[in-house]
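Shown next: upload32.cif, containing mmCIF, C-alpha atoms (C1' of nucleotides); chains and numbers go by the auth columns.
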data_run
#
loop_
_atom_site.group_PDB
_atom_site.id
_atom_site.type_symbol
_atom_site.label_atom_id
_atom_site.label_comp_id
_atom_site.label_asym_id
_atom_site.label_seq_id
_atom_site.Cartn_x
_atom_site.Cartn_y
_atom_site.Cartn_z
_atom_site.B_iso_or_equiv
_atom_site.auth_seq_id
_atom_site.auth_asym_id
ATOM 1 C CA MET A 1 100.691 121.154 93.208 0.00 1 A
ATOM 2 C CA PRO A 2 102.099 118.936 90.422 0.00 2 A
ATOM 3 C CA ARG A 3 100.714 119.484 86.981 0.00 3 A
ATOM 4 C CA ARG A 4 98.814 116.781 85.173 0.00 4 A
ATOM 5 C CA PHE A 5 100.374 115.078 82.196 0.00 5 A
ATOM 6 C CA THR A 6 98.027 115.940 79.307 0.00 6 A
ATOM 7 C CA ALA A 7 100.148 115.780 76.127 0.00 7 A
ATOM 8 C CA PHE A 8 98.652 112.561 74.762 0.00 8 A
ATOM 9 C CA SER A 9 97.794 113.680 71.211 0.00 9 A
ATOM 10 C CA ARG A 10 101.185 112.761 69.793 0.00 10 A
ATOM 11 C CA ASP A 11 102.918 109.699 68.440 0.00 11 A
ATOM 12 C CA PRO A 12 103.259 106.845 70.952 0.00 12 A
ATOM 13 C CA VAL A 13 107.041 106.616 70.778 0.00 13 A
ATOM 14 C CA SER A 14 107.483 110.254 71.878 0.00 14 A
ATOM 15 C CA ILE A 15 104.853 109.798 74.558 0.00 15 A
ATOM 16 C CA ALA A 16 106.463 106.572 75.747 0.00 16 A
ATOM 17 C CA ARG A 17 109.765 108.365 76.256 0.00 17 A
ATOM 18 C CA SER A 18 108.213 111.392 77.942 0.00 18 A
ATOM 19 C CA LEU A 19 106.176 109.235 80.343 0.00 19 A
ATOM 20 C CA LEU A 20 109.340 107.824 81.914 0.00 20 A
ATOM 21 C CA GLY A 21 109.923 109.520 85.258 0.00 21 A
ATOM 22 C CA GLN A 22 106.354 110.831 85.514 0.00 22 A
ATOM 23 C CA ARG A 23 104.012 109.723 88.295 0.00 23 A
ATOM 24 C CA LEU A 24 101.047 107.364 87.932 0.00 24 A
ATOM 25 C CA VAL A 25 98.427 108.139 90.594 0.00 25 A
ATOM 26 C CA ARG A 26 95.557 105.883 91.686 0.00 26 A
ATOM 27 C CA VAL A 27 93.116 107.203 94.323 0.00 27 A
ATOM 28 C CA ILE A 28 91.039 104.694 96.297 0.00 28 A
ATOM 29 C CA ASP A 29 88.848 105.882 99.181 0.00 29 A
ATOM 30 C CA GLY A 30 90.720 109.179 99.204 0.00 30 A
ATOM 31 C CA GLN A 31 94.073 107.417 99.570 0.00 31 A
ATOM 32 C CA ARG A 32 96.826 107.839 97.007 0.00 32 A
ATOM 33 C CA LEU A 33 98.775 104.931 95.540 0.00 33 A
ATOM 34 C CA CYS A 34 101.613 106.304 93.404 0.00 34 A
ATOM 35 C CA GLY A 35 104.657 105.233 91.472 0.00 35 A
ATOM 36 C CA ARG A 36 107.235 106.680 89.104 0.00 36 A
ATOM 37 C CA ILE A 37 106.858 105.210 85.603 0.00 37 A
ATOM 38 C CA VAL A 38 110.143 103.412 84.821 0.00 38 A
ATOM 39 C CA GLU A 39 109.268 101.052 81.935 0.00 39 A
ATOM 40 C CA VAL A 40 106.853 101.356 78.977 0.00 40 A
ATOM 41 C CA GLU A 41 106.201 99.908 75.522 0.00 41 A
ATOM 42 C CA ALA A 42 104.733 101.583 72.427 0.00 42 A
ATOM 43 C CA TYR A 43 102.100 99.830 70.281 0.00 43 A
ATOM 44 C CA LEU A 44 101.719 101.382 66.863 0.00 44 A
ATOM 45 C CA GLY A 45 98.240 100.444 65.625 0.00 45 A
ATOM 46 C CA ALA A 46 96.984 98.705 62.469 0.00 46 A
ATOM 47 C CA ALA A 47 100.437 98.138 60.973 0.00 47 A
ATOM 48 C CA ASP A 48 101.888 96.700 64.215 0.00 48 A
ATOM 49 C CA ARG A 49 101.412 92.963 64.336 0.00 49 A
ATOM 50 C CA ALA A 50 101.869 92.926 68.114 0.00 50 A
ATOM 51 C CA ALA A 51 99.160 95.535 68.752 0.00 51 A
ATOM 52 C CA HIS A 52 95.635 94.568 69.769 0.00 52 A
ATOM 53 C CA THR A 53 94.497 96.902 66.980 0.00 53 A
ATOM 54 C CA PHE A 54 96.578 95.096 64.311 0.00 54 A
ATOM 55 C CA ASN A 55 94.933 95.161 60.902 0.00 55 A
ATOM 56 C CA GLY A 56 92.255 97.533 62.215 0.00 56 A
ATOM 57 C CA ARG A 57 90.742 94.897 64.508 0.00 57 A
ATOM 58 C CA ARG A 58 87.804 96.292 66.501 0.00 58 A
ATOM 59 C CA THR A 59 86.400 94.097 69.245 0.00 59 A
ATOM 60 C CA LYS A 60 84.511 94.507 72.495 0.00 60 A
ATOM 61 C CA ARG A 61 87.794 94.220 74.397 0.00 61 A
ATOM 62 C CA ASN A 62 89.882 96.757 72.481 0.00 62 A
ATOM 63 C CA GLN A 63 87.322 99.445 71.648 0.00 63 A
ATOM 64 C CA SER A 64 88.731 101.925 74.166 0.00 64 A
ATOM 65 C CA MET A 65 92.086 101.779 72.356 0.00 65 A
ATOM 66 C CA TYR A 66 90.362 103.765 69.585 0.00 66 A
ATOM 67 C CA LEU A 67 89.369 106.598 71.943 0.00 67 A
ATOM 68 C CA PRO A 68 91.230 109.924 71.723 0.00 68 A
ATOM 69 C CA GLY A 69 94.664 110.111 73.351 0.00 69 A
ATOM 70 C CA GLY A 70 94.555 110.404 77.133 0.00 70 A
ATOM 71 C CA HIS A 71 92.136 107.568 77.827 0.00 71 A
ATOM 72 C CA ALA A 72 92.971 104.312 79.609 0.00 72 A
ATOM 73 C CA TYR A 73 92.828 100.974 77.816 0.00 73 A
ATOM 74 C CA VAL A 74 92.701 98.209 80.443 0.00 74 A
ATOM 75 C CA TYR A 75 92.555 94.620 79.192 0.00 75 A
ATOM 76 C CA PHE A 76 92.262 91.226 80.892 0.00 76 A
ATOM 77 C CA THR A 77 94.509 88.330 79.896 0.00 77 A
ATOM 78 C CA TYR A 78 95.699 84.843 80.909 0.00 78 A
ATOM 79 C CA GLY A 79 92.507 84.371 82.916 0.00 79 A
ATOM 80 C CA MET A 80 93.746 86.512 85.809 0.00 80 A
ATOM 81 C CA HIS A 81 95.788 89.575 84.826 0.00 81 A
ATOM 82 C CA TYR A 82 94.988 93.177 83.956 0.00 82 A
ATOM 83 C CA CYS A 83 97.289 95.499 82.007 0.00 83 A
ATOM 84 C CA LEU A 84 97.052 99.285 81.706 0.00 84 A
ATOM 85 C CA ASN A 85 97.683 101.233 78.509 0.00 85 A
ATOM 86 C CA VAL A 86 97.629 104.960 77.869 0.00 86 A
ATOM 87 C CA VAL A 87 95.880 105.673 74.558 0.00 87 A
ATOM 88 C CA CYS A 88 97.787 108.107 72.306 0.00 88 A
ATOM 89 C CA GLY A 89 97.106 110.166 69.189 0.00 89 A
ATOM 90 C CA SER A 90 93.629 110.943 67.868 0.00 90 A
ATOM 91 C CA ALA A 91 90.322 109.079 67.982 0.00 91 A
ATOM 92 C CA GLY A 92 90.476 106.035 65.715 0.00 92 A
ATOM 93 C CA ASP A 93 94.284 105.732 65.618 0.00 93 A
ATOM 94 C CA GLY A 94 94.410 102.643 67.835 0.00 94 A
ATOM 95 C CA VAL A 95 97.850 103.476 69.226 0.00 95 A
ATOM 96 C CA ALA A 96 98.884 103.230 72.879 0.00 96 A
ATOM 97 C CA VAL A 97 101.652 102.930 75.449 0.00 97 A
ATOM 98 C CA LEU A 98 101.651 99.946 77.820 0.00 98 A
ATOM 99 C CA LEU A 99 102.816 100.778 81.347 0.00 99 A
ATOM 100 C CA ARG A 100 105.141 97.922 82.338 0.00 100 A
ATOM 101 C CA ALA A 101 106.754 98.972 85.617 0.00 101 A
ATOM 102 C CA LEU A 102 106.694 101.594 88.367 0.00 102 A
ATOM 103 C CA GLU A 103 108.954 102.559 91.208 0.00 103 A
ATOM 104 C CA PRO A 104 106.427 102.704 94.091 0.00 104 A
ATOM 105 C CA THR A 105 106.505 106.035 95.942 0.00 105 A
ATOM 106 C CA GLU A 106 103.281 106.393 97.975 0.00 106 A
ATOM 107 C CA GLY A 107 100.991 103.843 99.641 0.00 107 A
ATOM 108 C CA LEU A 108 103.492 100.992 99.743 0.00 108 A
ATOM 109 C CA GLU A 109 101.739 99.464 102.751 0.00 109 A
ATOM 110 C CA ARG A 110 98.491 99.154 100.803 0.00 110 A
ATOM 111 C CA MET A 111 100.295 97.828 97.752 0.00 111 A
ATOM 112 C CA PHE A 112 101.823 95.021 99.825 0.00 112 A
ATOM 113 C CA ALA A 113 98.324 94.197 101.112 0.00 113 A
ATOM 114 C CA ARG A 114 97.040 93.880 97.525 0.00 114 A
ATOM 115 C CA ARG A 115 100.016 91.778 96.408 0.00 115 A
ATOM 116 C CA ARG A 116 100.325 88.938 98.865 0.00 116 A
ATOM 117 C CA THR A 117 103.261 87.310 97.060 0.00 117 A
ATOM 118 C CA ALA A 118 105.424 90.447 97.107 0.00 118 A
ATOM 119 C CA ARG A 119 108.267 90.324 99.624 0.00 119 A
ATOM 120 C CA ARG A 120 110.288 93.393 98.663 0.00 120 A
ATOM 121 C CA ALA A 121 109.435 96.797 97.196 0.00 121 A
ATOM 122 C CA THR A 122 110.917 95.665 93.881 0.00 122 A
ATOM 123 C CA ASP A 123 108.247 92.917 93.710 0.00 123 A
ATOM 124 C CA LEU A 124 105.330 95.363 93.888 0.00 124 A
ATOM 125 C CA CYS A 125 105.157 96.998 90.449 0.00 125 A
ATOM 126 C CA SER A 126 107.928 95.381 88.365 0.00 126 A
ATOM 127 C CA GLY A 127 105.629 94.074 85.619 0.00 127 A
ATOM 128 C CA PRO A 128 102.489 95.194 83.760 0.00 128 A
ATOM 129 C CA ALA A 129 100.077 92.982 85.712 0.00 129 A
ATOM 130 C CA LYS A 130 101.902 93.509 89.009 0.00 130 A
ATOM 131 C CA LEU A 131 101.414 97.244 88.874 0.00 131 A
ATOM 132 C CA THR A 132 97.682 96.947 88.128 0.00 132 A
ATOM 133 C CA GLN A 133 97.291 94.529 91.032 0.00 133 A
ATOM 134 C CA ALA A 134 99.268 96.791 93.376 0.00 134 A
ATOM 135 C CA LEU A 135 97.223 99.852 92.406 0.00 135 A
ATOM 136 C CA GLY A 136 93.812 98.169 92.208 0.00 136 A
ATOM 137 C CA ILE A 137 93.288 98.712 88.480 0.00 137 A
ATOM 138 C CA ASP A 138 90.827 96.498 86.584 0.00 138 A
ATOM 139 C CA ARG A 139 88.348 96.595 83.703 0.00 139 A
ATOM 140 C CA SER A 140 86.099 99.002 85.619 0.00 140 A
ATOM 141 C CA LEU A 141 88.711 101.668 84.761 0.00 141 A
ATOM 142 C CA ASP A 142 88.769 100.809 81.050 0.00 142 A
ATOM 143 C CA GLY A 143 87.990 103.966 79.068 0.00 143 A
ATOM 144 C CA THR A 144 88.801 106.340 81.957 0.00 144 A
ATOM 145 C CA ASP A 145 89.898 109.810 80.813 0.00 145 A
ATOM 146 C CA LEU A 146 93.279 110.274 82.509 0.00 146 A
ATOM 147 C CA ARG A 147 93.151 114.021 81.810 0.00 147 A
ATOM 148 C CA THR A 148 90.101 114.577 84.032 0.00 148 A
ATOM 149 C CA SER A 149 89.646 111.530 86.304 0.00 149 A
ATOM 150 C CA GLU A 150 90.159 111.842 90.070 0.00 150 A
ATOM 151 C CA ALA A 151 90.635 108.071 90.386 0.00 151 A
ATOM 152 C CA LEU A 152 93.426 107.482 87.857 0.00 152 A
ATOM 153 C CA LEU A 153 95.804 110.066 86.414 0.00 153 A
ATOM 154 C CA ILE A 154 99.392 110.896 85.536 0.00 154 A
ATOM 155 C CA GLU A 155 101.250 113.800 87.139 0.00 155 A
ATOM 156 C CA ARG A 156 104.005 115.556 85.208 0.00 156 A
ATOM 157 C CA VAL A 157 106.756 115.889 87.784 0.00 157 A
ATOM 158 C CA ARG A 158 109.789 116.430 85.544 0.00 158 A
ATOM 159 C CA LEU A 159 110.935 117.218 82.039 0.00 159 A
ATOM 160 C CA THR A 160 111.426 114.366 79.586 0.00 160 A
ATOM 161 C CA LEU A 161 114.491 112.326 80.550 0.00 161 A
ATOM 162 C CA PRO A 162 117.603 112.796 78.405 0.00 162 A
ATOM 163 C CA ARG A 163 118.119 109.978 75.901 0.00 163 A
ATOM 164 C CA SER A 164 121.307 108.993 77.689 0.00 164 A
ATOM 165 C CA ARG A 165 119.227 107.801 80.666 0.00 165 A
ATOM 166 C CA ILE A 166 116.766 105.724 78.579 0.00 166 A
ATOM 167 C CA ALA A 167 117.379 102.208 77.230 0.00 167 A
ATOM 168 C CA ALA A 168 115.454 101.004 74.149 0.00 168 A
ATOM 169 C CA THR A 169 114.988 97.259 73.520 0.00 169 A
ATOM 170 C CA LYS A 170 112.618 94.788 71.893 0.00 170 A
ATOM 171 C CA ARG A 171 109.190 94.470 73.479 0.00 171 A
ATOM 172 C CA VAL A 172 108.504 91.611 75.902 0.00 172 A
ATOM 173 C CA GLY A 173 106.242 88.676 75.047 0.00 173 A
ATOM 174 C CA VAL A 174 105.541 89.498 71.400 0.00 174 A
ATOM 175 C CA GLY A 175 107.781 86.936 69.694 0.00 175 A
ATOM 176 C CA TYR A 176 104.889 85.954 67.408 0.00 176 A
ATOM 177 C CA ALA A 177 104.906 89.391 65.740 0.00 177 A
ATOM 178 C CA GLY A 178 107.464 88.680 63.005 0.00 178 A
ATOM 179 C CA ALA A 179 109.475 91.730 61.961 0.00 179 A
ATOM 180 C CA TRP A 180 107.591 93.852 64.486 0.00 180 A
ATOM 181 C CA ALA A 181 108.994 91.751 67.315 0.00 181 A
ATOM 182 C CA ALA A 182 112.457 93.078 66.465 0.00 182 A
ATOM 183 C CA ARG A 183 111.518 96.756 66.714 0.00 183 A
ATOM 184 C CA ARG A 184 112.962 98.556 69.733 0.00 184 A
ATOM 185 C CA LEU A 185 109.723 99.898 71.187 0.00 185 A
ATOM 186 C CA ARG A 186 110.350 99.108 74.855 0.00 186 A
ATOM 187 C CA PHE A 187 111.830 101.941 76.884 0.00 187 A
ATOM 188 C CA PHE A 188 113.065 101.920 80.457 0.00 188 A
ATOM 189 C CA VAL A 189 115.092 103.989 82.879 0.00 189 A
ATOM 190 C CA LYS A 190 118.640 102.638 82.795 0.00 190 A
ATOM 191 C CA GLY A 191 119.732 100.998 86.013 0.00 191 A
ATOM 192 C CA ASN A 192 116.384 101.286 87.795 0.00 192 A
ATOM 193 C CA PRO A 193 115.819 98.212 89.999 0.00 193 A
ATOM 194 C CA HIS A 194 112.030 98.275 89.522 0.00 194 A
ATOM 195 C CA VAL A 195 112.190 97.474 85.793 0.00 195 A
ATOM 196 C CA SER A 196 110.653 94.065 84.950 0.00 196 A
ATOM 197 C CA ARG A 197 112.532 90.769 84.512 0.00 197 A
ATOM 198 C "C1'" DC B 1 111.476 74.571 83.366 0.00 198 B
ATOM 199 C "C1'" DC B 2 106.108 74.324 83.767 0.00 199 B
ATOM 200 C "C1'" DC B 3 101.510 75.496 85.126 0.00 200 B
ATOM 201 C "C1'" DG B 4 97.163 78.186 86.371 0.00 201 B
ATOM 202 C "C1'" DT B 5 93.195 80.406 84.468 0.00 202 B
ATOM 203 C "C1'" DG B 6 89.347 82.005 81.541 0.00 203 B
ATOM 204 C "C1'" DA B 7 88.051 85.694 78.274 0.00 204 B
ATOM 205 C "C1'" DT B 8 88.985 86.544 73.576 0.00 205 B
ATOM 206 C "C1'" DT B 9 90.131 85.305 69.076 0.00 206 B
ATOM 207 C "C1'" DT B 10 90.417 82.248 65.311 0.00 207 B
ATOM 208 C "C1'" DA B 11 89.474 78.019 62.944 0.00 208 B
ATOM 209 C "C1'" DT B 12 86.075 74.738 61.502 0.00 209 B
ATOM 210 C "C1'" DT C 1 80.553 75.557 68.252 0.00 210 C
ATOM 211 C "C1'" DA C 2 85.198 74.082 69.258 0.00 211 C
ATOM 212 C "C1'" DA C 3 89.972 74.824 69.665 0.00 212 C
ATOM 213 C "C1'" DA C 4 93.942 77.716 70.256 0.00 213 C
ATOM 214 C "C1'" DT C 5 95.871 81.796 71.983 0.00 214 C
ATOM 215 C "C1'" DC C 6 97.525 85.076 75.293 0.00 215 C
ATOM 216 C "C1'" DA C 7 101.373 92.667 75.594 0.00 216 C
ATOM 217 C "C1'" DC C 8 101.742 87.420 82.627 0.00 217 C
ATOM 218 C "C1'" DG C 9 103.178 85.866 87.280 0.00 218 C
ATOM 219 C "C1'" DG C 10 104.657 82.503 90.478 0.00 219 C
ATOM 220 C "C1'" DG C 11 106.864 78.378 91.862 0.00 220 C
ATOM 221 C "C1'" DG C 12 110.548 74.673 91.347 0.00 221 C
#

Rewrite the structure from the file as structure tokens, please.
Amino acid sequence: MPRRFTAFSRDPVSIARSLLGQRLVRVIDGQRLCGRIVEVEAYLGAADRAAHTFNGRRTKRNQSMYLPGGHAYVYFTYGMHYCLNVVCGSAGDGVAVLLRALEPTEGLERMFARRRTARRATDLCSGPAKLTQALGIDRSLDGTDLRTSEALLIERVRLTLPRSRIAATKRVGVGYAGAWAARRLRFFVKGNPHVSR
DNA sequence: CCCGTGATTTAT
DNA sequence: TAAATCACGGGG
């Protein structure tokens, strides 16, 4: 039996790196939909202009981002997309890691059924809103405790990848964030075909 | 390149 | 209350 990933009470950059290669698991009607995490981004809280918690902002939407590390923060954007974050640190920190891409490993048939536009396996989970659509993740899972939930969790299936296998670049879609847009807070598995864009 | 789509945020 | 924004995806 794989062990659950539970080490969420740390800084988001370390957690972002150690999440790469681990397995995101979604269970619907007793059926598992799984993928290896291959791309993530760290959001660093009140100081980070690109974070939803920038300047200590607390709203209805982002309140779960202030929960203790290990909870899910699921938000809705562009009128049709959901994105999944893993909250890090301690209660009130407002720091998180956005899951941006998975390499699908279980339940591909069902993922294709949920993503009508996907033609190949690399179309299923190669973006933050693609992976939530493929795995059936929406606002009803906002605030889920990933350490205890049977519906959404992360399995630790390997040690943290060596730095030589991880690329670090600027985050996607945060050009408005001034100096914070330049920070290399996006991490992905080098050469993996399921990474976005 | 552009557009859909609507909740959330920010400006008046 | 009104206007602008948006951690995106799909199509041309």

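For the structure shown here, the set of residues caught by the PyMOL selection byres ((chain C) within 7 of (chain A)) is C:DC215, C:DA216, C:DC217.
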
Just the residues within 12 Å of Ile15 of chain A, please, counting only C-alpha atoms (C1' of nucleotides), with nothing from its chain fewer than 3 positions along; format it as a PyMOL selection string. chain A and resi 5-12+18-22+40-44+69-70+85-89+95-99+160-161+185+187

For atom C1' of DA204 of chain B and atom CA of Gly143 of chain A, quote the distance in Å rounded to one decimal.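 Straight-line distance from atom C1' of DA204 of chain B to atom CA of Gly143 of chain A works out to 18.3 Å.
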
Straight-line distance linking atom CA of Arg32 of chain A with atom CA of Glu106 of chain A, stated in Å to one decimal: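 Result for atom CA of Arg32 of chain A versus atom CA of Glu106 of chain A: 6.7 Å, one decimal.
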
Applying the PyMOL selection byres ((chain A and resi 61) around 9) to the file I just gave you, which residues come out? Please list them as JSON, numbers by chain. {"A": [58, 59, 60, 62, 63, 64, 65, 74, 75, 76], "B": [205]}

Just-selected residues, C-alpha atoms (C1' of nucleotides) written as a PDB file, keeping the file's coordinate frame:
ATOM      1  CA  ARG A  58      87.804  96.292  66.501  1.00  0.00           C
ATOM      2  CA  THR A  59      86.400  94.097  69.245  1.00  0.00           C
ATOM      3  CA  LYS A  60      84.511  94.507  72.495  1.00  0.00           C
ATOM      4  CA  ASN A  62      89.882  96.757  72.481  1.00  0.00           C
ATOM      5  CA  GLN A  63      87.322  99.445  71.648  1.00  0.00           C
ATOM      6  CA  SER A  64      88.731 101.925  74.166  1.00  0.00           C
ATOM      7  CA  MET A  65      92.086 101.779  72.356  1.00  0.00           C
ATOM      8  CA  VAL A  74      92.701  98.209  80.443  1.00  0.00           C
ATOM      9  CA  TYR A  75      92.555  94.620  79.192  1.00  0.00           C
ATOM     10  CA  PHE A  76      92.262  91.226  80.892  1.00  0.00           C
TER      11      PHE A  76
ATOM     12  C1'  DT B 205      88.985  86.544  73.576  1.00  0.00           C
TER      13       DT B 205
END
